[in-house]
>>> print(open('upload.txt').read())   # compact mmCIF, C-alpha atoms
# COMPACT_ATOMS: atom_id res chain seq x y z
CA ALA A 1 150.82 27.48 -45.69
CA ILE A 2 147.60 28.14 -47.52
CA THR A 3 145.76 25.82 -45.19
CA ILE A 4 147.18 27.52 -42.09
CA ALA A 5 146.23 31.00 -43.43
CA ALA A 6 142.74 29.85 -44.25
CA MET A 7 142.36 28.41 -40.78
CA ALA A 8 143.51 31.71 -39.22
CA ALA A 9 141.09 33.71 -41.33
CA GLY A 10 138.25 31.43 -40.37
CA ALA A 11 139.07 31.81 -36.69
CA ALA A 12 139.12 35.61 -37.00
CA GLY A 13 135.76 35.55 -38.75
CA ARG A 14 134.30 33.38 -36.01
CA ARG A 15 135.60 35.82 -33.36
CA VAL A 16 133.96 38.79 -35.16
CA ALA A 17 130.70 36.90 -35.56
CA SER A 18 130.83 35.88 -31.92
CA THR A 19 131.44 39.49 -30.83
CA SER A 20 128.53 40.76 -32.99
CA ALA A 21 126.23 38.09 -31.66
CA SER A 22 127.26 38.96 -28.12
CA ALA A 23 126.52 42.63 -28.78
CA ARG A 24 123.15 41.79 -30.28
CA GLY A 25 122.39 39.62 -27.29
CA SER A 26 123.29 42.43 -24.88
CA GLU A 27 121.11 44.87 -26.85
CA ASP A 28 118.20 42.41 -26.82
CA GLU A 29 118.57 41.96 -23.07
CA ARG A 30 118.67 45.79 -22.56
CA ARG A 31 115.49 46.25 -24.60
CA ALA A 32 113.75 43.48 -22.64
CA ARG A 33 114.67 45.18 -19.37
CA GLY A 34 113.60 48.62 -20.71
CA GLY A 35 117.00 50.10 -19.85
CA PRO A 36 118.50 53.21 -21.46
CA ARG A 37 120.40 52.96 -24.70
CA PRO A 38 124.14 53.39 -24.15
CA ARG A 39 125.53 56.67 -25.52
CA GLN A 40 127.89 56.27 -28.43
CA ALA A 41 131.24 57.94 -28.00
CA ASN A 42 130.91 60.13 -31.07
CA ARG A 43 127.15 60.67 -30.77
CA ARG A 44 126.18 64.40 -30.67
CA VAL A 45 123.81 65.42 -27.89
CA VAL A 46 121.25 68.03 -29.10
CA VAL A 47 119.86 70.43 -26.50
CA ALA A 48 116.45 72.00 -27.20
CA ALA A 49 116.79 75.67 -28.17
CA PRO A 50 114.85 78.36 -26.30
CA LYS A 51 111.52 79.46 -27.75
CA ARG A 52 112.90 82.65 -29.28
CA ARG A 53 115.73 80.79 -31.05
CA ALA A 54 113.30 78.24 -32.41
CA THR A 55 111.02 81.00 -33.67
CA ALA A 56 113.96 82.82 -35.23
CA ALA A 57 115.10 79.62 -36.91
CA ARG A 58 111.63 78.97 -38.35
CA THR A 59 111.41 82.57 -39.56
CA ALA A 60 114.84 82.35 -41.19
CA LEU A 61 113.88 79.07 -42.88
CA GLU A 62 110.62 80.61 -44.11
CA ASP A 63 112.54 83.62 -45.44
CA GLU A 64 114.96 81.32 -47.25
CA ARG A 65 112.22 79.19 -48.81
CA CYS A 66 110.30 82.26 -49.96
CA SER A 67 113.48 83.78 -51.39
CA ARG A 68 114.11 80.64 -53.45
CA GLY A 69 110.54 80.95 -54.71
CA ARG A 70 111.16 84.63 -55.54
CA ARG A 71 108.40 85.87 -53.26
CA PRO A 72 108.63 87.66 -49.88
CA SER A 73 107.81 85.82 -46.67
CA PRO A 74 105.07 87.31 -44.44
CA ARG A 75 107.74 88.92 -42.24
CA GLN A 76 109.62 90.32 -45.23
CA ALA A 77 106.38 91.62 -46.78
CA ARG A 78 105.44 93.42 -43.59
CA THR A 79 108.94 94.86 -43.24
CA ARG A 80 108.69 96.23 -46.77
CA ARG A 81 105.25 97.73 -46.06
CA VAL A 82 106.60 99.42 -42.95
CA ALA A 83 109.57 100.80 -44.91
CA ALA A 84 107.24 102.05 -47.64
CA ALA A 85 104.96 103.58 -45.02
CA ARG A 86 107.84 105.48 -43.45
CA SER A 87 108.90 106.84 -46.83
CA MET A 88 105.33 108.01 -47.51
CA ALA A 89 104.88 109.72 -44.16
CA GLY A 90 105.52 113.33 -44.99
CA SER A 91 104.34 116.23 -42.90
CA LEU A 92 100.69 115.13 -43.27
CA GLY A 93 101.18 111.36 -43.19
CA PHE A 94 99.06 108.95 -45.23
CA GLU A 95 95.74 107.16 -44.86
CA LEU A 96 95.80 103.65 -43.40
CA ASP A 97 93.94 100.63 -44.72
CA ARG A 98 91.35 99.75 -42.08
CA SER A 99 90.75 96.34 -43.65
CA LYS A 100 94.36 95.36 -42.84
CA HIS A 101 94.14 96.60 -39.24
CA PHE A 102 96.92 99.15 -39.76
CA ASP A 103 99.60 96.49 -40.22
CA GLU A 104 101.59 99.06 -42.21
CA ILE A 105 102.64 100.63 -38.91
CA TRP A 106 102.88 97.63 -36.59
CA ARG A 107 105.96 97.52 -34.40
CA THR A 108 107.30 94.93 -31.99
CA SER A 109 107.32 95.87 -28.32
CA PRO A 110 110.83 95.65 -26.85
CA GLY A 111 109.73 93.79 -23.74
CA GLU A 112 107.18 91.08 -24.52
CA GLY A 113 107.64 90.93 -28.28
CA ASP A 114 103.97 91.69 -29.02
CA ASN A 115 102.85 93.59 -32.11
CA ILE A 116 101.89 97.13 -31.08
CA VAL A 117 100.45 100.22 -32.75
CA GLY A 118 101.15 103.82 -31.76
CA VAL A 119 98.11 106.04 -31.05
CA VAL A 120 97.70 109.82 -31.04
CA GLY A 121 95.19 111.16 -28.48
CA PHE A 122 93.95 114.72 -28.90
CA GLY A 123 90.65 114.99 -26.99
CA SER A 124 89.41 112.79 -24.16
CA LEU A 125 92.50 110.59 -24.63
CA LEU A 126 94.63 113.42 -23.31
CA SER A 127 93.55 111.91 -20.00
CA GLU A 128 95.55 108.81 -19.11
CA LYS A 129 92.65 107.66 -16.93
CA SER A 130 90.30 107.95 -19.89
CA ALA A 131 92.75 106.10 -22.14
CA ARG A 132 93.08 103.22 -19.67
CA SER A 133 89.30 102.98 -19.32
CA THR A 134 88.99 102.74 -23.13
CA PHE A 135 91.87 100.41 -24.08
CA ASP A 136 92.88 97.09 -22.54
CA SER A 137 96.53 97.94 -23.09
CA VAL A 138 98.04 101.42 -22.77
CA LEU A 139 101.82 101.34 -23.04
CA ASN A 140 104.27 104.21 -22.62
CA PHE A 141 101.68 106.99 -22.15
CA ARG A 142 103.22 110.47 -22.53
CA LEU A 143 102.83 113.83 -24.25
CA GLY A 144 104.07 114.63 -27.74
CA ARG A 145 103.39 116.94 -30.63
CA VAL A 146 101.89 116.71 -34.13
CA THR A 147 102.51 119.49 -36.64
CA ASN A 148 100.42 120.70 -39.59
CA TYR A 149 97.16 119.67 -37.90
CA ARG A 150 94.55 121.43 -35.75
CA ARG A 151 91.61 120.20 -33.69
CA ILE A 152 88.07 120.84 -34.85
CA PHE A 153 84.58 120.27 -33.37
CA SER A 154 82.73 119.43 -36.57
CA HIS A 155 80.84 116.14 -36.35
CA VAL A 156 77.97 114.61 -34.38
CA ALA A 157 78.75 111.79 -31.96
CA PRO A 158 75.77 109.43 -31.43
CA ILE A 159 77.13 108.48 -28.00
CA PHE A 160 76.30 111.98 -26.77
CA LEU A 161 72.69 111.51 -27.88
CA GLU A 162 72.53 108.04 -26.31
CA ARG A 163 73.85 109.37 -23.00
CA GLY A 164 71.56 112.40 -23.02
CA ILE A 165 74.31 115.03 -22.91
CA ALA A 166 73.80 116.51 -26.39
CA LYS A 167 71.74 119.67 -26.80
CA ARG A 168 69.94 119.23 -30.09
CA GLU A 169 67.99 122.48 -29.95
CA THR A 170 71.24 124.51 -30.01
CA LYS A 171 73.23 121.93 -32.02
CA GLU A 172 75.66 121.54 -29.11
CA MET A 173 76.44 117.92 -29.91
CA ALA A 174 79.76 117.99 -31.74
CA SER A 175 82.71 115.76 -30.94
CA LEU A 176 86.36 116.33 -31.78
CA SER A 177 88.59 115.39 -34.68
CA VAL A 178 91.70 116.82 -36.29
CA GLU A 179 92.13 118.14 -39.80
CA GLU A 180 94.95 119.40 -41.96
CA GLY A 181 96.09 122.87 -41.01
CA THR A 182 99.04 125.04 -41.94
CA GLU A 183 102.72 124.92 -41.12
CA ALA A 184 101.97 127.22 -38.21
CA ASP A 185 99.62 124.67 -36.63
CA SER A 186 101.10 122.42 -33.97
CA ILE A 187 99.10 120.53 -31.35
CA VAL A 188 100.25 118.92 -28.12
CA VAL A 189 98.80 115.42 -27.94
CA SER A 190 99.09 112.24 -25.93
CA LEU A 191 101.11 109.36 -27.37
CA PHE A 192 100.87 105.72 -26.34
CA ASP A 193 100.93 102.21 -27.76
CA MET A 194 98.15 99.66 -27.88
CA LYS A 195 98.49 95.97 -28.70
CA ALA A 196 97.71 95.24 -32.35
CA GLU A 197 95.00 92.81 -31.30
CA GLU A 198 92.95 95.81 -30.12
CA VAL A 199 92.89 97.50 -33.53
CA PRO A 200 89.56 95.98 -34.70
CA ALA A 201 87.79 97.27 -31.57
CA PHE A 202 89.47 100.66 -32.02
CA ILE A 203 88.23 100.90 -35.61
CA ALA A 204 84.70 99.93 -34.56
CA ARG A 205 84.63 102.66 -31.88
CA GLU A 206 85.95 105.33 -34.21
CA GLU A 207 84.39 104.22 -37.49
CA GLU A 208 83.30 107.71 -38.61
CA TYR A 209 86.92 108.91 -38.92
CA ARG A 210 89.66 108.55 -41.48
CA PHE A 211 92.71 106.83 -40.00
CA VAL A 212 95.98 108.52 -40.87
CA ALA A 213 99.53 107.49 -40.01
CA VAL A 214 101.62 110.41 -38.81
CA GLN A 215 105.12 110.84 -37.44
CA PRO A 216 104.73 112.64 -34.12
CA LYS A 217 107.50 114.22 -32.11
CA GLU A 218 108.34 113.99 -28.46
CA LEU A 219 108.06 117.23 -26.51
CA ASP A 220 111.84 117.65 -26.73
CA GLY A 221 111.57 117.80 -30.53
CA THR A 222 112.95 114.34 -31.32
CA ALA A 223 110.99 112.01 -33.58
CA SER A 224 108.85 109.47 -31.76
CA GLU A 225 109.52 105.81 -32.37
CA GLY A 226 107.39 104.60 -35.25
CA LEU A 227 104.36 106.01 -37.00
CA HIS A 228 101.15 106.54 -35.00
CA VAL A 229 97.49 106.34 -36.01
CA MET A 230 95.42 109.51 -35.67
CA CYS A 231 91.65 109.94 -36.17
CA VAL A 232 91.18 112.59 -38.86
CA ALA A 233 88.05 114.43 -40.01
CA SER A 234 86.08 112.66 -42.72
CA CYS A 235 82.71 113.11 -44.46
CA ASP A 236 79.36 111.35 -44.70
CA GLU A 237 80.10 110.05 -48.17
CA ASP A 238 83.22 108.23 -46.96
CA PHE A 239 81.27 106.60 -44.12
CA ILE A 240 78.64 105.32 -46.56
CA SER A 241 81.36 104.11 -48.91
CA ASN A 242 83.04 102.17 -46.10
CA TYR A 243 79.99 100.75 -44.33
CA GLY A 244 76.93 101.31 -46.52
CA LYS A 245 73.79 103.44 -46.31
CA GLU A 246 72.06 100.94 -44.04
CA ARG A 247 74.76 101.25 -41.41
CA PHE A 248 74.64 105.05 -41.67
CA MET A 249 70.89 105.06 -41.05
CA GLU A 250 71.23 102.54 -38.23
CA ARG A 251 73.73 104.70 -36.40
CA TYR A 252 72.52 108.22 -37.24
CA GLY A 253 69.13 107.99 -38.92
CA ARG A 254 67.34 106.91 -35.75
CA TYR A 255 68.28 110.28 -34.28
CA ASP A 256 67.07 112.11 -37.40
CA ILE A 257 70.63 113.21 -38.16
CA GLU A 258 70.94 113.93 -41.87
CA ARG A 259 74.51 115.22 -41.85
CA VAL A 260 77.19 113.96 -39.48
CA TRP A 261 80.01 116.25 -40.59
CA ALA A 262 78.69 119.81 -40.66
CA ASP A 263 79.90 123.41 -40.32
CA ASP A 264 77.08 124.68 -38.08
CA LEU A 265 77.69 122.50 -35.02
CA LEU A 266 78.87 123.50 -31.55
CA PRO A 267 80.79 121.35 -29.03
CA CYS A 268 78.86 119.11 -26.67
CA PRO A 269 79.33 121.07 -23.39
CA VAL A 270 79.97 118.08 -21.12
CA TYR A 271 82.52 116.64 -23.52
CA LEU A 272 84.25 119.99 -24.08
CA ARG A 273 84.62 120.50 -20.33
CA HIS A 274 86.05 116.97 -20.01
CA CYS A 275 88.68 117.66 -22.69
CA VAL A 276 89.68 121.03 -21.23
CA LEU A 277 90.11 119.52 -17.74
CA ALA A 278 92.12 116.61 -19.15
CA ALA A 279 94.42 119.02 -21.01
CA GLU A 280 94.80 121.20 -17.92
CA LYS A 281 95.86 118.21 -15.82
CA MET A 282 98.63 117.43 -18.32
CA GLY A 283 100.32 120.80 -17.81
CA SER A 284 100.36 124.29 -19.25
CA ALA A 285 101.82 123.33 -22.65
CA CYS A 286 99.00 120.86 -23.26
CA HIS A 287 96.33 123.17 -21.83
CA ASP A 288 97.37 126.19 -23.91
CA SER A 289 97.65 124.06 -27.03
CA PHE A 290 94.11 122.81 -26.58
CA LEU A 291 92.68 126.29 -26.02
CA ASP A 292 94.54 127.95 -28.91
CA TYR A 293 94.69 125.22 -31.56
CA THR A 294 91.18 123.79 -31.20
CA TYR A 295 88.40 125.42 -33.19
CA LEU A 296 84.66 125.44 -33.66
CA ALA A 297 83.26 124.11 -36.92
CA ASP A 298 83.53 127.63 -38.38
CA ARG A 299 87.34 127.16 -38.42
CA LYS A 300 87.74 130.67 -36.99
CA THR A 301 86.72 130.66 -33.33
CA SER A 302 89.28 129.14 -30.97
CA ILE A 303 88.13 127.30 -27.87
CA ARG A 304 89.82 129.94 -25.73
CA ASN A 305 87.63 132.63 -27.28
CA TYR A 306 84.54 130.44 -27.22
CA LEU A 307 84.91 129.75 -23.50
CA ALA A 308 85.47 133.43 -22.83
CA ASP A 309 81.91 133.93 -24.11
CA ARG A 310 80.59 130.71 -22.53
CA PRO A 311 82.38 130.37 -19.15
CA GLU A 312 79.43 128.44 -17.68
CA ILE A 313 80.50 125.38 -19.67
CA LEU A 314 83.42 124.83 -17.31
CA THR A 315 81.26 125.04 -14.19
CA GLU A 316 78.33 122.93 -15.41
CA LEU A 317 78.77 119.43 -13.97
CA PRO A 318 77.90 116.27 -15.93
CA PRO A 319 75.07 114.00 -14.74
CA ASP A 320 75.99 112.01 -11.63
CA HIS A 321 76.18 108.69 -13.45
CA LEU A 322 78.69 110.20 -15.91
CA ALA A 323 80.73 112.23 -13.41
CA GLU A 324 83.63 109.75 -13.45
CA ARG A 325 83.56 109.24 -17.21
CA TYR A 326 83.56 112.97 -18.00
CA GLY A 327 85.56 114.25 -15.08
CA GLY A 328 88.73 115.13 -16.98
>>> encode(input="upload.txt", output="structure tokens")
Amino acid sequence: AITIAAMAAGAAGRRVASTSASARGSEDERRARGGPRPRQANRRVVVAAPKRRATAARTALEDERCSRGRRPSPRQARTRRVAAARSMAGSLGFELDRSKHFDEIWRTSPGEGDNIVGVVGFGSLLSEKSARSTFDSVLNFRLGRVTNYRRIFSHVAPIFLERGIAKRETKEMASLSVEEGTEADSIVVSLFDMKAEEVPAFIAREEEYRFVAVQPKELDGTASEGLHVMCVASCDEDFISNYGKERFMERYGRYDIERVWADDLLPCPVYLRHCVLAAEKMGSACHDSFLDYTYLADRKTSIRNYLADRPEILTELPPDHLAERYGG
């Protein structure tokens, strides 16, 4: 009986070995022919996830790893900065860090998923045409309102001197900024979004200003989505602190300008006309706001009253080569 059982076991073993050898032989033949590997019955087929799912998965994994290490991931850190920024944005807002390219107020565009930054326009940027000629991306252009601020013509713009439209003898060479006002001050402005990649160029163009994050409102009184950057009046000392005395002299010294921000300046006529026409084209609410809540550097004379004494400003045309640029 033992002998018969042993013989049966040996036969079974030989059959298993034969089957395995046969399978190996078939696999070797398949590889030699370059044929596809047969799918196993219980083998799971993995389908590549779309790009957004893959990105979300990587972000979630990064968040998890950083959480285990008790430090925030880049996405979590930015989310916390945005939350902190919103909590800080009172009626006057807060100053942005230009070295970080305003990432405190970055948002994600709903369509393409790009990082975007809201912008407040209060002068030439009241004109959508002017905005689109200045920025590569202008998204969701519309009118809105900012409270507790007023417009002021109180600093020299070198571009006016370069283009030959400033009048140095009468000090009519001031450009526009905004400054803190009272609770009664409320200005109609343009609101739009730019792509975050444009922030460095924006800062370079507007380097003489302070950059403040504010919470604007839509014209219907509802809060606009996200905080927006606004160019606010500064001072010469801040410019030198940010960029150095050499840069100050390079930009202003060659025109013999000793003070950029001053109280005895008057608006550059061509630029003032451009802003008034741009505001007028945006409707009566915008036009009246510009005339009544924009002041000379004396902080007393409104643009409406100034133009009543200087009506020729609105009829004096810019040079031909600047007619399109300063045409409202």
>>> atom_distance(input="upload.txt", atom1="atom CA of A:His155", atom2="atom CA of A:Glu208")
9.1 Å
>>> closest_residue(input="upload.txt", among="A:Asp292, A:Glu316, A:Asp185, A:Glu324", to="A:Ser133", atoms="all atoms listed in the file")
A:Glu324
>>> closest_residue(input="upload.txt", among="A:Leu307, A:Leu227, A:Cys275, A:Met249", to="A:Ser127", atoms="all atoms listed in the file")
A:Cys275
>>> closest_residue(input="upload.txt", among="A:Leu126, A:Ala233, A:Val188, A:Leu296", to="A:Glu172", atoms="all atoms listed in the file")
A:Leu296
>>> atom_distance(input="upload.txt", atom1="atom CA of A:Glu95", atom2="atom CA of A:Gly113")
26.1 Å
>>> residues_near_point(input="upload.txt", point="(79.5, 112.3, -39.8)", cutoff="12 Å", atoms="only C-alpha atoms", output="ChimeraX atom specification")
/A:153-158,173-177,206-210,232-240,248-249,251-253,257-263,265
>>> closest_residue(input="upload.txt", among="A:Phe192, A:Phe160, A:Trp106, A:Phe94", to="A:Arg132", atoms="only C-alpha atoms")
A:Phe192
>>> residues_around(input="upload.txt", residues="A:Thr134", least_positions_apart="4", cutoff="12 Å", atoms="only C-alpha atoms", output="ChimeraX atom specification")
/A:121,124-125,127-130,138,194,198,201-202,205-206,325
>>> residues_around(input="upload.txt", residues="A:Glu218", least_positions_apart="6", cutoff="7 Å", atoms="all atoms listed in the file", output="PyMOL selection string")
chain A and resi 143-145+224
